[in-house]
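Structure data (mmCIF, C-alpha atoms) from run-v2.cif:
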```
data_run
#
loop_
_atom_site.label_atom_id
_atom_site.label_comp_id
_atom_site.auth_asym_id
_atom_site.auth_seq_id
_atom_site.Cartn_x
_atom_site.Cartn_y
_atom_site.Cartn_z
CA MET A 1 91.93 85.04 110.93
CA ARG A 2 88.37 85.89 111.93
CA HIS A 3 86.16 87.44 109.22
CA SER A 4 83.44 89.44 110.93
CA PRO A 5 80.60 91.20 109.03
CA GLY A 6 82.42 94.46 109.72
CA GLN A 7 85.58 93.18 108.06
CA LEU A 8 83.66 92.00 105.01
CA LEU A 9 82.01 95.40 104.77
CA ARG A 10 85.43 97.03 104.93
CA ARG A 11 86.56 95.12 101.86
CA ALA A 12 83.35 95.44 99.90
CA THR A 13 82.71 99.14 100.41
CA VAL A 14 86.09 100.77 100.40
CA GLY A 15 88.69 98.65 98.66
CA VAL A 16 92.36 99.40 98.66
CA LEU A 17 94.46 102.31 99.83
CA ALA A 18 94.12 105.52 97.83
CA LEU A 19 97.23 107.58 97.27
CA VAL A 20 95.72 110.32 95.18
CA SER A 21 95.70 114.09 94.96
CA MET A 22 99.35 115.04 95.08
CA TRP A 23 99.95 118.18 97.12
CA ALA A 24 99.96 121.30 94.95
CA SER A 25 100.29 125.00 95.61
CA ASN A 26 96.66 125.66 94.72
CA GLY A 27 95.21 123.06 97.10
CA TYR A 28 93.74 119.58 96.66
CA ALA A 29 91.72 117.69 94.14
CA ALA A 30 87.99 117.20 94.73
CA ALA A 31 87.18 115.86 98.18
CA ALA A 32 86.64 112.12 98.49
CA PRO A 33 83.26 110.85 99.72
CA PRO A 34 83.11 110.17 103.47
CA ALA A 35 84.30 106.74 104.55
CA PRO A 36 81.66 104.43 106.05
CA GLU A 37 81.56 104.55 109.86
CA ALA A 38 80.49 102.45 112.84
CA ASP A 39 80.16 103.57 116.45
CA SER A 40 82.18 100.59 117.68
CA LEU A 41 84.64 98.23 115.97
CA THR A 42 85.45 94.96 117.70
CA PHE A 43 89.19 94.34 117.86
CA ALA A 44 90.27 92.03 115.06
CA GLN A 45 93.56 90.85 113.59
CA ARG A 46 94.90 93.18 110.91
CA TYR A 47 98.29 91.56 110.24
CA THR A 48 100.31 88.63 111.49
CA ALA A 49 103.61 87.03 110.49
CA LEU A 50 106.15 84.58 111.78
CA GLN A 51 109.44 85.96 110.49
CA HIS A 52 112.87 87.23 111.43
CA GLY A 53 112.13 90.88 112.15
CA ASP A 54 110.20 93.22 114.41
CA ILE A 55 107.56 95.95 114.64
CA VAL A 56 108.39 99.64 115.06
CA ARG A 57 106.14 102.67 115.22
CA ALA A 58 106.27 106.42 114.69
CA ALA A 59 103.69 108.59 116.44
CA ASN A 60 102.84 112.14 117.45
CA THR A 61 100.08 114.36 118.74
CA SER A 62 98.17 116.82 116.56
CA ILE A 63 97.01 119.22 119.27
CA THR A 64 98.38 120.72 122.49
CA CYS A 65 97.73 123.45 125.04
CA ARG A 66 98.05 127.11 124.12
CA ALA A 67 101.38 128.54 125.25
CA GLN A 68 99.66 131.49 126.96
CA ALA A 69 98.42 129.20 129.76
CA PRO A 70 100.80 129.47 132.76
CA SER A 71 101.07 125.70 133.23
CA CYS A 72 101.19 124.75 129.53
CA SER A 73 104.96 124.67 129.15
CA GLY A 74 105.30 122.53 132.25
CA ALA A 75 102.77 120.02 130.92
CA GLN A 76 104.46 119.91 127.50
CA ALA A 77 107.76 119.21 129.25
CA GLY A 78 106.20 116.17 130.91
CA GLY A 79 104.54 117.64 133.98
CA SER A 80 101.05 117.14 135.27
CA GLY A 81 97.98 118.42 133.45
CA VAL A 82 95.03 117.06 131.49
CA ASN A 83 93.41 118.29 128.29
CA GLY A 84 90.22 119.41 130.03
CA ASP A 85 92.26 121.97 131.98
CA PHE A 86 93.42 123.87 128.89
CA ASP A 87 92.33 125.81 125.85
CA MET A 88 93.85 123.54 123.20
CA PHE A 89 95.16 124.44 119.76
CA TYR A 90 96.80 122.72 116.81
CA VAL A 91 100.38 121.53 116.50
CA ASP A 92 101.61 122.76 113.09
CA VAL A 93 105.29 122.24 112.28
CA ASP A 94 105.35 122.27 108.48
CA HIS A 95 105.06 126.07 107.96
CA ASP A 96 102.60 125.38 105.16
CA PRO A 97 99.62 127.79 105.04
CA ASN A 98 97.46 125.08 103.46
CA THR A 99 97.55 122.84 106.56
CA TYR A 100 96.15 123.71 109.97
CA ASN A 101 97.86 120.87 111.88
CA SER A 102 100.97 118.81 111.25
CA SER A 103 103.55 116.89 113.28
CA ARG A 104 106.49 114.58 112.60
CA ALA A 105 107.92 111.34 113.94
CA GLU A 106 110.70 108.97 112.93
CA VAL A 107 110.43 105.49 111.48
CA ARG A 108 113.66 103.85 112.63
CA LEU A 109 114.67 100.67 110.78
CA PRO A 110 117.91 98.65 110.84
CA ALA A 111 120.06 98.66 107.71
CA GLY A 112 118.93 96.00 105.28
CA ALA A 113 115.42 95.64 106.72
CA ARG A 114 112.53 95.05 104.31
CA VAL A 115 109.12 96.48 105.19
CA THR A 116 106.44 93.76 105.06
CA TYR A 117 103.48 95.81 106.32
CA ALA A 118 102.76 99.40 107.35
CA ARG A 119 99.52 100.96 108.53
CA LEU A 120 98.73 104.56 109.46
CA TYR A 121 96.19 105.26 112.22
CA TRP A 122 94.78 108.67 113.08
CA GLY A 123 91.99 109.94 115.31
CA GLY A 124 90.75 112.63 117.64
CA ASN A 125 87.86 114.46 119.28
CA LEU A 126 85.58 116.43 116.96
CA ARG A 127 83.66 118.27 119.70
CA VAL A 128 85.46 120.73 121.95
CA GLY A 129 85.21 124.52 121.76
CA GLU A 130 84.48 123.99 118.07
CA GLN A 131 82.64 121.19 116.30
CA LYS A 132 84.39 119.59 113.33
CA PRO A 133 82.29 117.80 110.67
CA SER A 134 82.92 114.08 110.47
CA ALA A 135 83.15 114.08 106.65
CA ASP A 136 86.94 114.52 106.87
CA ASN A 137 87.54 111.72 109.42
CA GLY A 138 88.73 109.32 106.73
CA ARG A 139 91.34 111.58 105.18
CA VAL A 140 94.82 112.87 106.14
CA LEU A 141 98.01 113.99 104.41
CA LEU A 142 101.22 111.98 104.73
CA ALA A 143 104.73 112.95 103.60
CA GLU A 144 107.58 110.46 103.67
CA PRO A 145 111.11 111.66 104.56
CA GLY A 146 112.05 114.26 101.95
CA GLY A 147 108.78 113.76 100.09
CA GLU A 148 105.63 115.72 99.27
CA TYR A 149 102.23 115.31 100.88
CA LYS A 150 100.00 112.55 99.56
CA GLU A 151 96.33 112.29 100.44
CA ILE A 152 95.64 109.10 102.40
CA LEU A 153 92.08 107.78 102.50
CA ALA A 154 90.77 105.30 105.05
CA ASP A 155 90.50 101.84 103.50
CA THR A 156 88.37 100.33 106.26
CA LEU A 157 85.43 101.25 108.46
CA VAL A 158 86.04 104.37 110.55
CA GLY A 159 85.22 104.08 114.25
CA HIS A 160 83.10 107.10 115.25
CA ARG A 161 81.22 107.44 118.54
CA VAL A 162 79.67 110.27 120.56
CA ALA A 163 79.99 109.55 124.30
CA ASP A 164 81.25 111.05 127.55
CA GLY A 165 81.04 114.59 126.16
CA ALA A 166 83.32 113.78 123.22
CA ASP A 167 82.82 113.03 119.52
CA ALA A 168 85.60 110.49 119.01
CA PHE A 169 86.91 108.71 115.92
CA GLN A 170 89.76 106.59 114.58
CA ALA A 171 90.55 105.87 110.92
CA SER A 172 93.35 103.91 109.25
CA ALA A 173 94.90 102.97 105.92
CA ASP A 174 97.43 100.52 104.53
CA VAL A 175 100.55 102.48 103.50
CA THR A 176 102.88 99.55 102.96
CA GLY A 177 103.91 100.53 99.44
CA LEU A 178 104.72 104.10 100.37
CA VAL A 179 106.82 103.15 103.41
CA ARG A 180 108.55 100.26 101.63
CA ASP A 181 109.63 102.58 98.80
CA SER A 182 110.85 105.30 101.18
CA VAL A 183 113.87 105.67 103.41
CA PRO A 184 113.81 105.66 107.22
CA GLY A 185 113.44 109.07 108.80
CA LEU A 186 110.85 111.65 109.80
CA TYR A 187 107.33 111.22 108.43
CA THR A 188 104.90 114.15 108.56
CA VAL A 189 101.15 113.73 109.04
CA ALA A 190 98.83 116.71 108.55
CA GLN A 191 95.13 117.55 108.57
CA VAL A 192 94.04 115.12 111.28
CA ASN A 193 90.38 116.04 111.80
CA VAL A 194 90.55 117.25 115.39
CA ALA A 195 88.73 120.13 117.10
CA ALA A 196 90.42 122.88 119.08
CA GLY A 197 89.21 124.82 122.10
CA GLY A 198 88.27 124.00 125.65
CA SER A 199 85.68 121.75 127.28
CA ALA A 200 85.34 119.37 130.21
CA ALA A 201 85.96 116.44 127.85
CA GLY A 202 89.04 118.15 126.42
CA ALA A 203 90.65 118.19 123.00
CA TRP A 204 92.88 115.33 121.89
CA GLY A 205 94.11 113.66 118.73
CA GLY A 206 97.14 112.25 116.96
CA TRP A 207 98.52 109.57 114.66
CA THR A 208 100.60 106.39 114.73
CA LEU A 209 102.40 104.65 111.88
CA VAL A 210 102.96 100.94 112.66
CA VAL A 211 105.63 99.21 110.54
CA ALA A 212 106.46 95.50 110.46
CA TYR A 213 109.75 94.52 108.86
CA GLU A 214 111.80 91.47 107.95
CA ASP A 215 115.50 91.28 108.80
CA PRO A 216 117.57 88.05 108.73
CA ALA A 217 119.77 89.46 111.54
CA GLN A 218 116.81 89.61 113.94
CA PRO A 219 115.41 86.69 115.96
CA LEU A 220 112.43 84.73 114.68
CA ARG A 221 109.37 86.50 116.07
CA ARG A 222 105.62 86.26 116.04
CA LEU A 223 104.39 89.68 114.85
CA ALA A 224 100.75 90.63 115.35
CA LEU A 225 98.71 93.79 114.79
CA TRP A 226 95.10 94.15 115.92
CA ASP A 227 92.84 97.18 115.68
CA GLY A 228 89.32 98.27 116.53
CA PHE A 229 87.58 101.16 118.25
CA VAL A 230 86.05 100.57 121.67
CA PRO A 231 85.30 102.77 124.70
CA LEU A 232 87.40 101.16 127.40
CA ARG A 233 84.98 101.79 130.25
CA SER A 234 82.50 99.56 128.39
CA ARG A 235 84.84 96.70 127.58
CA ALA A 236 88.52 95.87 127.32
CA ALA A 237 90.55 95.55 124.11
CA GLU A 238 92.31 92.25 123.59
CA LEU A 239 94.97 90.80 121.28
CA ARG A 240 95.38 87.01 121.20
CA LEU A 241 98.68 85.54 120.05
CA SER A 242 98.69 81.94 118.91
CA GLY A 243 100.34 79.55 116.50
CA ALA A 244 103.91 79.89 117.78
CA ASP A 245 105.81 77.98 120.45
CA PHE A 246 106.68 80.68 122.98
CA ALA A 247 109.68 79.57 124.97
CA ALA A 248 110.05 80.40 128.65
CA GLY A 249 111.95 83.67 128.99
CA ALA A 250 111.42 84.66 125.37
CA GLY A 251 111.81 88.38 124.77
CA GLY A 252 108.87 90.43 123.66
CA ARG A 253 107.37 93.89 123.25
CA VAL A 254 103.78 95.04 123.26
CA GLY A 255 102.41 98.32 121.89
CA MET A 256 99.10 100.15 122.07
CA VAL A 257 97.32 103.28 120.85
CA ALA A 258 94.54 104.89 122.90
CA TYR A 259 92.70 108.20 123.06
CA ASN A 260 91.82 110.52 125.96
CA GLY A 261 93.80 108.85 128.71
CA ASP A 262 94.37 111.44 131.46
CA ARG A 263 97.59 111.58 133.43
CA GLY A 264 96.94 110.87 137.09
CA THR A 265 93.62 109.06 136.57
CA THR A 266 94.49 105.59 137.78
CA GLY A 267 92.74 102.30 137.17
CA ASP A 268 93.93 101.53 133.64
CA SER A 269 96.13 98.57 132.82
CA LEU A 270 97.88 96.63 130.09
CA THR A 271 98.40 92.98 130.97
CA LEU A 272 99.93 89.93 129.32
CA THR A 273 98.20 86.66 130.23
CA THR A 274 99.65 83.22 129.56
CA GLY A 275 99.25 79.76 131.02
CA SER A 276 101.52 80.93 133.81
CA GLY A 277 99.28 83.80 134.87
CA SER A 278 98.99 87.54 134.18
CA THR A 279 101.85 90.05 134.01
CA PRO A 280 101.07 93.79 134.30
CA LEU A 281 103.09 95.83 131.79
CA SER A 282 104.59 99.21 132.65
CA GLY A 283 107.54 101.39 131.65
CA PRO A 284 109.64 104.34 132.80
CA ALA A 285 107.02 106.78 131.46
CA ASP A 286 103.99 104.55 132.04
CA PRO A 287 103.48 103.52 135.68
CA ARG A 288 101.49 100.44 136.52
CA GLY A 289 97.86 101.44 136.98
CA ASP A 290 98.19 104.57 134.83
CA VAL A 291 99.39 103.39 131.43
CA LEU A 292 96.85 105.70 129.75
CA ASN A 293 98.74 108.78 130.86
CA SER A 294 99.19 110.85 127.68
CA THR A 295 102.60 109.63 126.56
CA ILE A 296 104.37 108.54 123.40
CA SER A 297 106.98 106.30 124.93
CA GLY A 298 109.01 103.14 124.58
CA PRO A 299 111.81 101.15 126.20
CA ALA A 300 115.30 102.61 126.32
CA GLY A 301 116.61 103.03 122.79
CA ALA A 302 113.15 102.45 121.27
CA SER A 303 111.77 105.99 121.35
CA PRO A 304 112.24 107.51 117.88
CA ALA A 305 112.57 111.26 117.31
CA ARG A 306 109.46 113.47 117.24
CA VAL A 307 108.75 117.06 116.25
CA PRO A 308 107.45 118.34 118.63
CA ALA A 309 108.48 115.90 121.36
CA TYR A 310 106.06 116.76 124.18
CA GLY A 311 106.39 114.70 127.34
CA ASN A 312 102.67 115.06 128.05
CA THR A 313 100.54 114.75 124.91
CA LEU A 314 97.35 115.72 126.78
CA GLY A 315 95.15 112.86 125.69
CA TYR A 316 97.05 110.76 123.14
CA ASP A 317 98.85 107.50 124.02
CA SER A 318 101.07 105.51 121.67
CA ASP A 319 103.34 103.35 123.83
CA VAL A 320 105.62 100.33 123.54
CA PHE A 321 106.42 98.09 126.54
CA ASP A 322 109.05 95.43 127.17
CA VAL A 323 107.75 92.15 128.59
CA PRO A 324 109.51 92.22 131.98
CA GLY A 325 111.89 89.33 132.53
CA GLY A 326 110.91 87.75 129.25
CA MET A 327 107.81 85.78 128.34
CA PRO A 328 106.38 83.45 130.97
CA ARG A 329 106.04 79.88 129.74
CA ALA A 330 103.02 80.21 127.47
CA GLY A 331 102.96 77.22 125.14
CA ASP A 332 101.33 78.60 121.99
CA GLN A 333 98.81 81.03 123.55
CA ALA A 334 99.09 84.53 125.00
CA THR A 335 96.64 87.41 125.43
CA VAL A 336 97.31 91.15 125.71
CA ARG A 337 94.50 93.10 127.41
CA LEU A 338 94.04 96.89 127.69
CA ALA A 339 91.40 98.04 130.18
CA SER A 340 90.31 101.19 132.02
CA GLU A 341 88.18 101.62 135.14
CA ARG A 342 87.96 105.41 135.29
CA ASP A 343 89.40 107.06 132.17
CA ALA A 344 86.81 107.91 129.50
CA ALA A 345 89.27 106.51 126.94
CA TRP A 346 89.03 104.74 123.59
CA ALA A 347 91.31 101.91 122.44
CA GLY A 348 92.42 101.85 118.81
CA VAL A 349 95.46 99.61 118.26
CA LEU A 350 97.32 96.73 119.90
CA PHE A 351 100.48 95.10 118.53
CA ALA A 352 103.10 92.65 119.71
CA ALA A 353 106.42 91.16 118.67
CA VAL A 354 107.44 88.06 120.65
CA ASP A 355 110.44 85.80 120.15
CA ALA A 356 109.27 82.42 118.84
CA ARG A 357 110.60 79.05 117.83
CA ARG A 358 109.14 76.64 115.32
#
```

Whole structure, structure tokens version:
Amino acid sequence: MRHSPGQLLRRATVGVLALVSMWASNGYAAAAPPAPEADSLTFAQRYTALQHGDIVRAANTSITCRAQAPSCSGAQAGGSGVNGDFDMFYVDVDHDPNTYNSSRAEVRLPAGARVTYARLYWGGNLRVGEQKPSADNGRVLLAEPGGEYKEILADTLVGHRVADGADAFQASADVTGLVRDSVPGLYTVAQVNVAAGGSAAGAWGGWTLVVAYEDPAQPLRRLALWDGFVPLRSRAAELRLSGADFAAGAGGRVGMVAYNGDRGTTGDSLTLTTGSGSTPLSGPADPRGDVLNSTISGPAGASPARVPAYGNTLGYDSDVFDVPGGMPRAGDQATVRLASERDAAWAGVLFAAVDARR
């Protein structure tokens, strides 16, 4: 595992996950100090394992178009539309007057699975019709299935960059203990620091909970999670898998999280490169050449429940792709690469689970 100066700073300045300030009827405890930030975070390995198991994710958007717009309902149902076309406002499903945005998504685990790692990512645009202060970038609320809100504080550097008319950020925290001690089901995330309104850059934001688990009934797999924060028109985001003997035809899935991908703006791609060449990845909801198309999607049977379950998230992508036809013969090396030619998008997360043999 590479230890960059940024990673060392993460450990030295922030420390471990904070699960403090239990939700109460009269509000929160004193606000935490802002998390340290950097305008770009090079993608680096966050977690890796060679184990019988898999990676799943729960994700949802925190903002959508106002229902008064004539084409809003069509976009929410999965039709065309981009965030810059709408006056955008918060998704808020928890009916709690103390939160201004909230949404839910399901963590789906097989019976008997044991969670080995879980990380929550959240991010958005702070500059739209309103300007949100960045002091709250490193803080959200998370409620496990049937549980109360807990304050989650970023335990690593927060990516925060002003570019292309947007004020973009991504933060994250290790929530392994909370997820391991909970039951599968709908998780709720609230208070993602995202601005509402309308602008040419558009409003966007959301969250993704990535969960790695161990299960003796599953194949032996190489699991890998990488994260960073990079504007994709400047450089691509890459995940490098190594240290396992990938057999020809081995099954695999690749996932990614990105911000401000517009549906219909082509020129973005997710590719898997091995010694046998490059394979473009796509899916039923993510056509080749437009994978940054404002979707939360996965292969058949791998799309957990969401509340709300918009077909067009208007600027938030959290997608999982099957490796078509299985893994090309790769030896012990493979690279996943997310790139964009035209979308003013940011990459935040890449993960993979590939069948392996010792």

Do a neighbour search on Ser172 in chain A at 9 Å with only C-alpha atoms, toss out local chain neighbours closer than 6 positions, and write the hits as a VMD selection string.
chain A and resid 119 to 123 138 to 139 152 to 158

Specify as a ChimeraX atom specification each residue included when the PyMOL selection byres ((chain A and resi 331-344) around 8) is applied to this file.
/A:164,231-233,235-247,254,260-262,265-275,292,329-330,345-347

With the PyMOL selection byres ((chain A and resi 83-93) around 8) as the selection, what would be picked from this file? Answer as a tab-separated table (two decimals) with C-alpha atoms, in the frame of the given file, please.
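So the final result, stored in expr-v2.tsv, reads:
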```tsv
chain	number	residue	atom	x	y	z
A	61	THR	CA	100.08	114.36	118.74
A	62	SER	CA	98.17	116.82	116.56
A	63	ILE	CA	97.01	119.22	119.27
A	64	THR	CA	98.38	120.72	122.49
A	65	CYS	CA	97.73	123.45	125.04
A	66	ARG	CA	98.05	127.11	124.12
A	69	ALA	CA	98.42	129.20	129.76
A	72	CYS	CA	101.19	124.75	129.53
A	81	GLY	CA	97.98	118.42	133.45
A	82	VAL	CA	95.03	117.06	131.49
A	94	ASP	CA	105.35	122.27	108.48
A	95	HIS	CA	105.06	126.07	107.96
A	99	THR	CA	97.55	122.84	106.56
A	100	TYR	CA	96.15	123.71	109.97
A	101	ASN	CA	97.86	120.87	111.88
A	102	SER	CA	100.97	118.81	111.25
A	103	SER	CA	103.55	116.89	113.28
A	104	ARG	CA	106.49	114.58	112.60
A	196	ALA	CA	90.42	122.88	119.08
A	197	GLY	CA	89.21	124.82	122.10
A	198	GLY	CA	88.27	124.00	125.65
A	199	SER	CA	85.68	121.75	127.28
A	200	ALA	CA	85.34	119.37	130.21
A	201	ALA	CA	85.96	116.44	127.85
A	202	GLY	CA	89.04	118.15	126.42
A	203	ALA	CA	90.65	118.19	123.00
A	204	TRP	CA	92.88	115.33	121.89
A	262	ASP	CA	94.37	111.44	131.46
A	307	VAL	CA	108.75	117.06	116.25
A	308	PRO	CA	107.45	118.34	118.63
A	314	LEU	CA	97.35	115.72	126.78
A	315	GLY	CA	95.15	112.86	125.69
```

CA of Ala224 in chain A to CA of Val179 in chain A, distance in Å rounded to a single decimal:
18.3 Å

Quick one: distance from CA of Ser182 in chain A to CA of Gly251 in chain A in Å, one decimal?
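Going from CA of Ser182 in chain A over to CA of Gly251 in chain A, I get 29.0 Å.
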
Straight-line distance linking CA of Pro133 in chain A with CA of Tyr316 in chain A, stated in Å to one decimal
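One can read the CA of Pro133 in chain A to CA of Tyr316 in chain A distance as 20.6 Å.
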
Nearest to Gln170 in chain A: which of A:Leu186, A:Ala67, A:Val349, A:Leu209 is it, counting only C-alpha atoms?
A:Val349

How big is the axis-aligned box around the listed atoms of range 311-326 of chain A once 3 Å is added on each side, and where is its centre? Give both in Å to one decimal, as JSON.
```
{"center_x": 103.5, "center_y": 101.7, "center_z": 127.1, "size_x": 22.7, "size_y": 34.0, "size_z": 16.9}
```

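With all atoms listed in the file as the atoms that count, the residue of A:Val291, A:Ala44, A:Val210, A:Ala111 with the shortest distance to Ala353 in chain A is A:Val210.
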
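When the PyMOL selection byres ((chain A and resi 214) around 6) is run on the displayed coordinates, the residues it returns are A:His52, A:Gly53, A:Ala113, A:Arg114, A:Tyr213, A:Asp215.
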
Test item: which residues lie within 10 Å of (111.3, 111.8, 111.2) counting all atoms listed in the file, as a list in words:
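Collected hits near the coordinates: Ala58, Ala59, Ser103, Arg104, Ala105, Glu106, Val107, Arg108, Glu144, Pro145, Gly146, Pro184, Gly185, Leu186, Tyr187, Thr188, Pro304, Ala305, Arg306 and Val307 of chain A.
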
Can you pull out every residue within 8 Å of Ala195 in chain A, counting only C-alpha atoms, but drop anything in the same chain fewer than 2 positions away, and send it as a ChimeraX atom specification?
/A:124-132,193,197,203-204

Convert the current residue selection to file output with C-alpha atoms, as a PDB file, in the frame of the given file.
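Wrote it out as again-v7.pdb, contents follow:
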```pdb
ATOM      1  CA  GLY A 124      90.750 112.630 117.640  1.00  0.00           C
ATOM      2  CA  ASN A 125      87.860 114.460 119.280  1.00  0.00           C
ATOM      3  CA  LEU A 126      85.580 116.430 116.960  1.00  0.00           C
ATOM      4  CA  ARG A 127      83.660 118.270 119.700  1.00  0.00           C
ATOM      5  CA  VAL A 128      85.460 120.730 121.950  1.00  0.00           C
ATOM      6  CA  GLY A 129      85.210 124.520 121.760  1.00  0.00           C
ATOM      7  CA  GLU A 130      84.480 123.990 118.070  1.00  0.00           C
ATOM      8  CA  GLN A 131      82.640 121.190 116.300  1.00  0.00           C
ATOM      9  CA  LYS A 132      84.390 119.590 113.330  1.00  0.00           C
ATOM     10  CA  ASN A 193      90.380 116.040 111.800  1.00  0.00           C
ATOM     11  CA  GLY A 197      89.210 124.820 122.100  1.00  0.00           C
ATOM     12  CA  ALA A 203      90.650 118.190 123.000  1.00  0.00           C
ATOM     13  CA  TRP A 204      92.880 115.330 121.890  1.00  0.00           C
TER      14      TRP A 204
END
```

When you count only C-alpha atoms, which of these residues is closest to Gly252 in chain A: A:Asp355, A:Glu151, A:Asp174, A:Asp167?
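Checking each of A:Asp355, A:Glu151, A:Asp174, A:Asp167 against Gly252 in chain A, counting only C-alpha atoms, the winner is A:Asp355.
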
I'd like to know which of A:Ala75, A:Ala166, A:Val183, A:Ala190 is closest to Asp96 in chain A, using only C-alpha atoms.
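Among A:Ala75, A:Ala166, A:Val183, A:Ala190, it is A:Ala190 that comes nearest to Asp96 in chain A.
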